[in-house]
Structures are given as structure tokens and as C-alpha cells.
Amino acid sequence: MTATETTFLTSDGVAGLATPAEYVDAVREGYRQRGDGAPAEPRTTLEADDPPGMLTGYLAILPETGVMGGYTYAAGFGERDAHFVLPVFDAESGDPLAVFDGASLNPLKTGAVGAVGVDALARNDASRVGLFGSGSQARGQLRAVVTVRDLDHVSVYSPTPDHRRSFAEEMNGRLDATVTAVEEPEQAVTDSDIVITATQASEPVFDGEWLEPGTHVTAMGQYHPEKREIDARTVARSTYVPDLRARLEQDAGAFMLAREEGAVGDDHVHAELGDVVAGNAPGRTGDDEITVFDSGGTAIETVAAAGMLYERARESELGETITFAPASEAM
């Protein structure tokens, strides 16, 4: 056998290949396939203490899209930064199709799965968002959510006043909705139809008692068994939907800690997101229902987004050709 030609795609090279709405469509389809049985495994993380950092990876196969792959990234360590490597393989032949520098697609694919959760679980008339966080992931969430709901107003809270004010100013220039920086966490929750947490906080960023009936919550900033952005009261009050059930024994800290405190049991889990998207389980069933989507991150959204970008890049003849030797020759 001869070496296989593969496309290497840089972060800058794929940055403008798709709109937030197109990421949402690709990711929704990925989760539909998951609901119909597509394999996916939660992240595996190895942590180091000296220097501190973590090495993380996860995998998924999307047979109908025809791609499979994973995401591996190192974060922290001596440089205190992160680097993302994303290989994509043909799901039938096993041939490597592409290798991505996955940095630029990260907030877009993560924002997309948040929007898929909103579309599946939030009220159809939801128009007001309370957003915790002012970094790239918060931007990704907000840019994606506006593709599935007609938003009027966004209240953003970040503990650093300059950060929340500059975020509001920037997003006011990008969105039709009015984006306002608020001074207290409760102001981001009160009167909001959708609450999104996109922070690095290890403790709950709001009190679950503040949630009004009918609110949807997307929690995406923590994936650690001893850390959480939402409290046990929020989990207990909600119809709780994770991206993958396997995370409930591994890194879904919000649920794991609520269960440890006795606020919920294992039967509190409604369904995986993929089951809701595929129609195997209902989403929201009433206007007063509080819903939570626990988005810790999976390879489903990553591989779905990468498969879409690979096709776009091939059509535009983008990327550098590299080769992989088949094991039958190399070993």
C-alpha cells in the first residue's frame, strides 16, 4: 500500500469557512446520530502538578456523516496556554482525511452545541439571556444562540467590570439584541428566559432559587468532579439533560455534587441531548419547566464541525497536503 495523502488545516485557514448557524446545523446532525446510536466516549484527562497542566482527549464516530475522530489538547504546563490537535478519519475506510489545528473552531463548535441545547429545551418564545462570562467561550455561546432564538436583550455578568463592559460593547456591535453589562449576578438571572454559564468558576455563579419558572440553563464552563458552575438547587429543580450520560460518573461536577449532597438521585437524569434531538425523548413539556443542559464537551460536536469544515476546505482547495504511511509498510 502507498502513503495516504491527508490535508493539514491551520486555525486561521478554517476560521472563516462557516457561519455560526452552519456550525449549529452540523452539530445538531451529529447529536441526532448520537441519539440513533453513534458511538462517543467522554473525555479522558491526565493532570500534572509540576508544572501544572492537563492533557485531554475524547472520541466519536458519526457513521452517517462518514467521519470519525477525536480532540486532544494540552493546557497549562510551562507556557500556561492550550494547543488543540484534531484528527479526522474516514468512517468506512479508516483513512486519515485531515488534521486540524483546532483552536479557532473551539468556541464555535462549543457555542453550537449550546445552541442545539437551547433549541431543544428552551421555550420557543425565549428572548432574554443572562450570560455569565466574557471570554471567547461566552462569545461563541451568544453568537450561536442568536441563530436559534430571536433575542431582544442580553445581560452579561463577569466579576471584572472592565471585562463585562467591553464584552457588552463588542457584542452590541455584532448582534441585533441589546447587550447590557450588569453589576450583580442576580441581575443576570432575574427575568431571563435563558441563563448561560461560560466561566472558569469552580463554585456556583448564581443561586438556584433565583431561577424563574420556564427558564432554560446551559452550563458549559466546568467539567471536573469537584467543580461546578450551577448549584444543587438548580440541578434539583430542573429537567436535567447532559451531553453524555457517561460524564455523570466522571466529570459532570454539577450533577455529581448534587447527588453527593442528596439533592438528586441517578433517576433525575431525563435523557442525553442526542436522544432529545433524535426524538427518542421529549424536550421541554411545559412553559413553567426549568431545564438544564450540562455541556461538558464531547467529540460529537467536534467531529461534526470538523467534518463540515473538511468538506468546505476541500471544495475551496485549502490546506497543505501531508502524508501518512500505512502501518503495513511502516512497521
# chains A, B, ... in the order shown; residues from 1 in each chain; ligands from 1
>>> residues_around(residues="Ala21 of chain A", least_positions_apart="5", cutoff="10 Å", atoms="only C-alpha atoms", output="PyMOL selection string")
chain A and resi 26-27+108+112+115+143-148
>>> select_by_dssp(residues="segment 73-263 of chain A", states="strand (DSSP E)", output="number ranges by chain")
A: 73-76, 81-90, 96-101, 128-132, 153-157, 178-181, 194-197, 216-219, 239-242
>>> write_last_selection(atoms="N, CA and C atoms", output="compact mmCIF listing (two decimals), in the first residue's frame")
# COMPACT_ATOMS: atom_id res chain seq x y z
N TYR A 73 -5.92 17.91 23.49
CA TYR A 73 -5.32 19.21 23.76
C TYR A 73 -4.55 19.20 25.07
N ALA A 74 -3.51 20.01 25.08
CA ALA A 74 -2.70 20.22 26.28
C ALA A 74 -2.93 21.65 26.73
N ALA A 75 -3.19 21.81 28.02
CA ALA A 75 -3.46 23.14 28.56
C ALA A 75 -2.68 23.34 29.84
N GLY A 76 -2.11 24.54 29.99
CA GLY A 76 -1.34 24.84 31.18
C GLY A 76 0.13 24.58 30.95
N ASP A 81 -0.76 27.91 28.39
CA ASP A 81 -1.62 28.13 27.24
C ASP A 81 -2.21 26.79 26.84
N ALA A 82 -2.93 26.74 25.72
CA ALA A 82 -3.52 25.49 25.26
C ALA A 82 -3.27 25.33 23.76
N HIS A 83 -3.14 24.07 23.34
CA HIS A 83 -2.98 23.74 21.93
C HIS A 83 -3.88 22.55 21.62
N PHE A 84 -4.58 22.62 20.47
CA PHE A 84 -5.61 21.65 20.12
C PHE A 84 -5.24 20.93 18.83
N VAL A 85 -5.26 19.61 18.86
CA VAL A 85 -5.00 18.80 17.68
C VAL A 85 -6.23 17.94 17.41
N LEU A 86 -6.71 17.98 16.17
CA LEU A 86 -7.95 17.30 15.81
C LEU A 86 -7.75 16.46 14.55
N PRO A 87 -7.59 15.13 14.68
CA PRO A 87 -7.52 14.27 13.50
C PRO A 87 -8.91 13.79 13.10
N VAL A 88 -9.16 13.72 11.80
CA VAL A 88 -10.43 13.25 11.26
C VAL A 88 -10.14 12.11 10.28
N PHE A 89 -10.88 11.00 10.45
CA PHE A 89 -10.69 9.81 9.62
C PHE A 89 -11.98 9.50 8.86
N ASP A 90 -11.83 8.81 7.74
CA ASP A 90 -12.98 8.30 7.00
C ASP A 90 -13.59 7.16 7.82
N PRO A 96 -6.94 8.49 7.09
CA PRO A 96 -6.93 9.85 7.63
C PRO A 96 -7.31 10.86 6.56
N LEU A 97 -8.27 11.71 6.89
CA LEU A 97 -8.73 12.72 5.93
C LEU A 97 -8.08 14.06 6.17
N ALA A 98 -7.97 14.44 7.45
CA ALA A 98 -7.45 15.76 7.77
C ALA A 98 -6.91 15.79 9.18
N VAL A 99 -6.00 16.72 9.39
CA VAL A 99 -5.53 17.06 10.73
C VAL A 99 -5.71 18.57 10.89
N PHE A 100 -6.43 18.95 11.93
CA PHE A 100 -6.71 20.36 12.18
C PHE A 100 -5.88 20.89 13.34
N ASP A 101 -5.42 22.13 13.22
CA ASP A 101 -5.11 22.93 14.39
C ASP A 101 -6.47 23.43 14.86
N ARG A 128 -34.77 36.63 26.22
CA ARG A 128 -33.87 37.35 27.12
C ARG A 128 -32.85 36.36 27.69
N VAL A 129 -31.57 36.70 27.58
CA VAL A 129 -30.49 35.84 28.02
C VAL A 129 -29.72 36.50 29.16
N GLY A 130 -29.40 35.71 30.18
CA GLY A 130 -28.45 36.11 31.20
C GLY A 130 -27.18 35.32 30.99
N LEU A 131 -26.07 35.99 30.78
CA LEU A 131 -24.81 35.34 30.41
C LEU A 131 -23.76 35.59 31.48
N PHE A 132 -23.16 34.51 31.98
CA PHE A 132 -22.05 34.60 32.91
C PHE A 132 -20.77 34.28 32.15
N HIS A 153 -32.73 40.92 24.41
CA HIS A 153 -31.85 41.51 25.42
C HIS A 153 -30.94 40.46 26.02
N VAL A 154 -29.69 40.86 26.27
CA VAL A 154 -28.70 40.01 26.95
C VAL A 154 -28.12 40.79 28.11
N SER A 155 -28.15 40.19 29.29
CA SER A 155 -27.50 40.76 30.47
C SER A 155 -26.25 39.94 30.75
N VAL A 156 -25.08 40.57 30.72
CA VAL A 156 -23.84 39.84 30.92
C VAL A 156 -23.20 40.23 32.24
N TYR A 157 -22.79 39.20 32.99
CA TYR A 157 -22.08 39.44 34.24
C TYR A 157 -20.73 38.74 34.20
N THR A 178 -29.98 43.93 22.37
CA THR A 178 -29.29 44.87 23.24
C THR A 178 -28.52 44.08 24.30
N VAL A 179 -27.23 44.35 24.42
CA VAL A 179 -26.38 43.65 25.39
C VAL A 179 -25.96 44.65 26.46
N THR A 180 -26.25 44.31 27.71
CA THR A 180 -26.00 45.21 28.83
C THR A 180 -25.14 44.52 29.88
N ALA A 181 -24.12 45.21 30.37
CA ALA A 181 -23.32 44.71 31.49
C ALA A 181 -24.06 44.98 32.79
N ILE A 194 -33.27 32.44 29.31
CA ILE A 194 -32.13 31.53 29.12
C ILE A 194 -30.98 32.05 29.95
N VAL A 195 -30.35 31.18 30.74
CA VAL A 195 -29.15 31.53 31.51
C VAL A 195 -28.01 30.66 31.03
N ILE A 196 -26.90 31.28 30.67
CA ILE A 196 -25.74 30.55 30.16
C ILE A 196 -24.55 30.84 31.05
N THR A 197 -23.88 29.78 31.49
CA THR A 197 -22.66 29.95 32.27
C THR A 197 -21.47 29.50 31.43
N HIS A 216 -34.46 28.21 30.94
CA HIS A 216 -33.50 27.19 30.50
C HIS A 216 -32.10 27.61 30.90
N VAL A 217 -31.28 26.65 31.37
CA VAL A 217 -29.90 26.90 31.77
C VAL A 217 -28.97 26.04 30.93
N THR A 218 -27.96 26.66 30.33
CA THR A 218 -26.85 25.93 29.72
C THR A 218 -25.61 26.16 30.56
N ALA A 219 -25.05 25.09 31.10
CA ALA A 219 -23.84 25.17 31.91
C ALA A 219 -22.71 24.49 31.15
N THR A 239 -35.36 19.77 34.70
CA THR A 239 -35.27 18.63 33.81
C THR A 239 -33.84 18.62 33.30
N TYR A 240 -33.06 17.65 33.73
CA TYR A 240 -31.60 17.69 33.56
C TYR A 240 -31.19 16.83 32.37
N VAL A 241 -30.48 17.45 31.42
CA VAL A 241 -30.05 16.77 30.19
C VAL A 241 -28.55 16.97 30.01
N PRO A 242 -27.75 15.90 30.09
CA PRO A 242 -26.31 16.02 29.80
C PRO A 242 -26.02 15.73 28.34
>>> atom_distance(atom1="atom CA of Glu183 of chain A", atom2="atom CA of Gly253 of chain A")
26.9 Å
>>> residues_around(residues="Asp49 of chain A", least_positions_apart="3", cutoff="12 Å", atoms="only C-alpha atoms", output="list of chain:residue names")
A:Leu46, A:Pro52, A:Gly53, A:Met54, A:Leu55, A:Gly76, A:Phe77, A:Gly78
>>> closest_residue(among="A:Gly297, A:Gly117, A:Gly262, A:Gly286", to="Ala40 of chain A", atoms="only C-alpha atoms")
A:Gly297
>>> closest_residue(among="A:Asp95, A:Ala103, A:Ile300, A:Pro20", to="Phe324 of chain A", atoms="only C-alpha atoms")
A:Asp95
>>> closest_residue(among="A:Leu121, A:Ala91, A:Val205, A:Ile322", to="Val292 of chain A", atoms="only C-alpha atoms")
A:Leu121
>>> select_by_dssp(residues="segment 68-223 of chain A", states="helix (DSSP H, G or I)", output="ChimeraX atom specification")
/A:106-121,136-145,161-172,185-189,208-210
>>> residues_around(residues="Gly70 of chain A", least_positions_apart="3", cutoff="7 Å", atoms="only C-alpha atoms", output="list in words")
Gly57, Tyr58, Leu59, Ala60, Leu86, Pro87, Ala299 and Val303 of chain A
>>> atom_distance(atom1="atom CA of Val182 of chain A", atom2="atom CA of Lys109 of chain A")
27.0 Å
>>> closest_residue(among="A:Gly133, A:Glu29, A:Arg123, A:Glu229", to="Asp288 of chain A", atoms="only C-alpha atoms")
A:Arg123
>>> decode(residues="segment 69-143 of chain A", atoms="C-alpha atoms", output="PDB file, in the first residue's frame")
ATOM      1  CA  GLY A  69     -12.039  11.314  15.116  1.00  0.00           C
ATOM      2  CA  GLY A  70     -11.145  12.973  18.348  1.00  0.00           C
ATOM      3  CA  TYR A  71      -9.795  16.001  20.057  1.00  0.00           C
ATOM      4  CA  THR A  72      -6.562  16.136  22.009  1.00  0.00           C
ATOM      5  CA  TYR A  73      -5.320  19.214  23.763  1.00  0.00           C
ATOM      6  CA  ALA A  74      -2.699  20.220  26.276  1.00  0.00           C
ATOM      7  CA  ALA A  75      -3.459  23.142  28.557  1.00  0.00           C
ATOM      8  CA  GLY A  76      -1.339  24.844  31.181  1.00  0.00           C
ATOM      9  CA  PHE A  77       2.114  23.439  31.793  1.00  0.00           C
ATOM     10  CA  GLY A  78       5.045  25.797  31.419  1.00  0.00           C
ATOM     11  CA  GLU A  79       3.518  28.075  28.778  1.00  0.00           C
ATOM     12  CA  ARG A  80       0.153  28.337  30.580  1.00  0.00           C
ATOM     13  CA  ASP A  81      -1.624  28.130  27.242  1.00  0.00           C
ATOM     14  CA  ALA A  82      -3.522  25.494  25.258  1.00  0.00           C
ATOM     15  CA  HIS A  83      -2.980  23.743  21.931  1.00  0.00           C
ATOM     16  CA  PHE A  84      -5.610  21.651  20.119  1.00  0.00           C
ATOM     17  CA  VAL A  85      -4.998  18.800  17.676  1.00  0.00           C
ATOM     18  CA  LEU A  86      -7.951  17.297  15.814  1.00  0.00           C
ATOM     19  CA  PRO A  87      -7.517  14.266  13.505  1.00  0.00           C
ATOM     20  CA  VAL A  88     -10.431  13.245  11.264  1.00  0.00           C
ATOM     21  CA  PHE A  89     -10.692   9.809   9.624  1.00  0.00           C
ATOM     22  CA  ASP A  90     -12.977   8.296   7.004  1.00  0.00           C
ATOM     23  CA  ALA A  91     -15.539   6.250   8.948  1.00  0.00           C
ATOM     24  CA  GLU A  92     -15.607   3.490   6.320  1.00  0.00           C
ATOM     25  CA  SER A  93     -12.009   3.065   5.185  1.00  0.00           C
ATOM     26  CA  GLY A  94     -10.228   4.367   8.274  1.00  0.00           C
ATOM     27  CA  ASP A  95      -8.060   6.572   6.077  1.00  0.00           C
ATOM     28  CA  PRO A  96      -6.933   9.851   7.633  1.00  0.00           C
ATOM     29  CA  LEU A  97      -8.734  12.717   5.935  1.00  0.00           C
ATOM     30  CA  ALA A  98      -7.449  15.764   7.766  1.00  0.00           C
ATOM     31  CA  VAL A  99      -5.531  17.060  10.733  1.00  0.00           C
ATOM     32  CA  PHE A 100      -6.711  20.361  12.183  1.00  0.00           C
ATOM     33  CA  ASP A 101      -5.108  22.931  14.394  1.00  0.00           C
ATOM     34  CA  GLY A 102      -8.365  23.074  16.322  1.00  0.00           C
ATOM     35  CA  ALA A 103      -8.009  26.346  18.199  1.00  0.00           C
ATOM     36  CA  SER A 104     -10.272  28.624  16.148  1.00  0.00           C
ATOM     37  CA  LEU A 105     -13.146  26.149  15.857  1.00  0.00           C
ATOM     38  CA  ASN A 106     -13.224  25.500  19.612  1.00  0.00           C
ATOM     39  CA  PRO A 107     -15.573  28.304  20.736  1.00  0.00           C
ATOM     40  CA  LEU A 108     -17.660  27.921  17.575  1.00  0.00           C
ATOM     41  CA  LYS A 109     -18.348  24.198  17.978  1.00  0.00           C
ATOM     42  CA  THR A 110     -18.890  24.613  21.732  1.00  0.00           C
ATOM     43  CA  GLY A 111     -21.240  27.518  21.131  1.00  0.00           C
ATOM     44  CA  ALA A 112     -23.049  25.396  18.553  1.00  0.00           C
ATOM     45  CA  VAL A 113     -23.832  22.569  20.967  1.00  0.00           C
ATOM     46  CA  GLY A 114     -25.063  25.135  23.475  1.00  0.00           C
ATOM     47  CA  ALA A 115     -27.427  26.456  20.815  1.00  0.00           C
ATOM     48  CA  VAL A 116     -28.602  22.939  19.989  1.00  0.00           C
ATOM     49  CA  GLY A 117     -29.414  22.517  23.685  1.00  0.00           C
ATOM     50  CA  VAL A 118     -31.278  25.831  23.737  1.00  0.00           C
ATOM     51  CA  ASP A 119     -33.232  24.881  20.618  1.00  0.00           C
ATOM     52  CA  ALA A 120     -34.202  21.538  22.128  1.00  0.00           C
ATOM     53  CA  LEU A 121     -35.033  22.714  25.642  1.00  0.00           C
ATOM     54  CA  ALA A 122     -35.748  26.461  25.868  1.00  0.00           C
ATOM     55  CA  ARG A 123     -39.193  27.962  25.321  1.00  0.00           C
ATOM     56  CA  ASN A 124     -39.880  28.901  21.726  1.00  0.00           C
ATOM     57  CA  ASP A 125     -40.571  32.490  22.766  1.00  0.00           C
ATOM     58  CA  ALA A 126     -37.362  32.837  24.831  1.00  0.00           C
ATOM     59  CA  SER A 127     -35.929  36.271  24.079  1.00  0.00           C
ATOM     60  CA  ARG A 128     -33.865  37.349  27.123  1.00  0.00           C
ATOM     61  CA  VAL A 129     -30.486  35.838  28.019  1.00  0.00           C
ATOM     62  CA  GLY A 130     -28.449  36.106  31.200  1.00  0.00           C
ATOM     63  CA  LEU A 131     -24.813  35.340  30.413  1.00  0.00           C
ATOM     64  CA  PHE A 132     -22.047  34.600  32.911  1.00  0.00           C
ATOM     65  CA  GLY A 133     -18.595  35.062  31.398  1.00  0.00           C
ATOM     66  CA  SER A 134     -16.944  37.464  28.986  1.00  0.00           C
ATOM     67  CA  GLY A 135     -14.298  35.388  27.210  1.00  0.00           C
ATOM     68  CA  SER A 136     -14.136  33.558  23.885  1.00  0.00           C
ATOM     69  CA  GLN A 137     -16.480  30.792  25.020  1.00  0.00           C
ATOM     70  CA  ALA A 138     -19.102  33.328  26.098  1.00  0.00           C
ATOM     71  CA  ARG A 139     -18.825  34.952  22.664  1.00  0.00           C
ATOM     72  CA  GLY A 140     -19.229  31.568  20.998  1.00  0.00           C
ATOM     73  CA  GLN A 141     -22.330  30.735  23.030  1.00  0.00           C
ATOM     74  CA  LEU A 142     -24.016  34.041  22.328  1.00  0.00           C
ATOM     75  CA  ARG A 143     -23.224  34.120  18.601  1.00  0.00           C
TER      76      ARG A 143
END
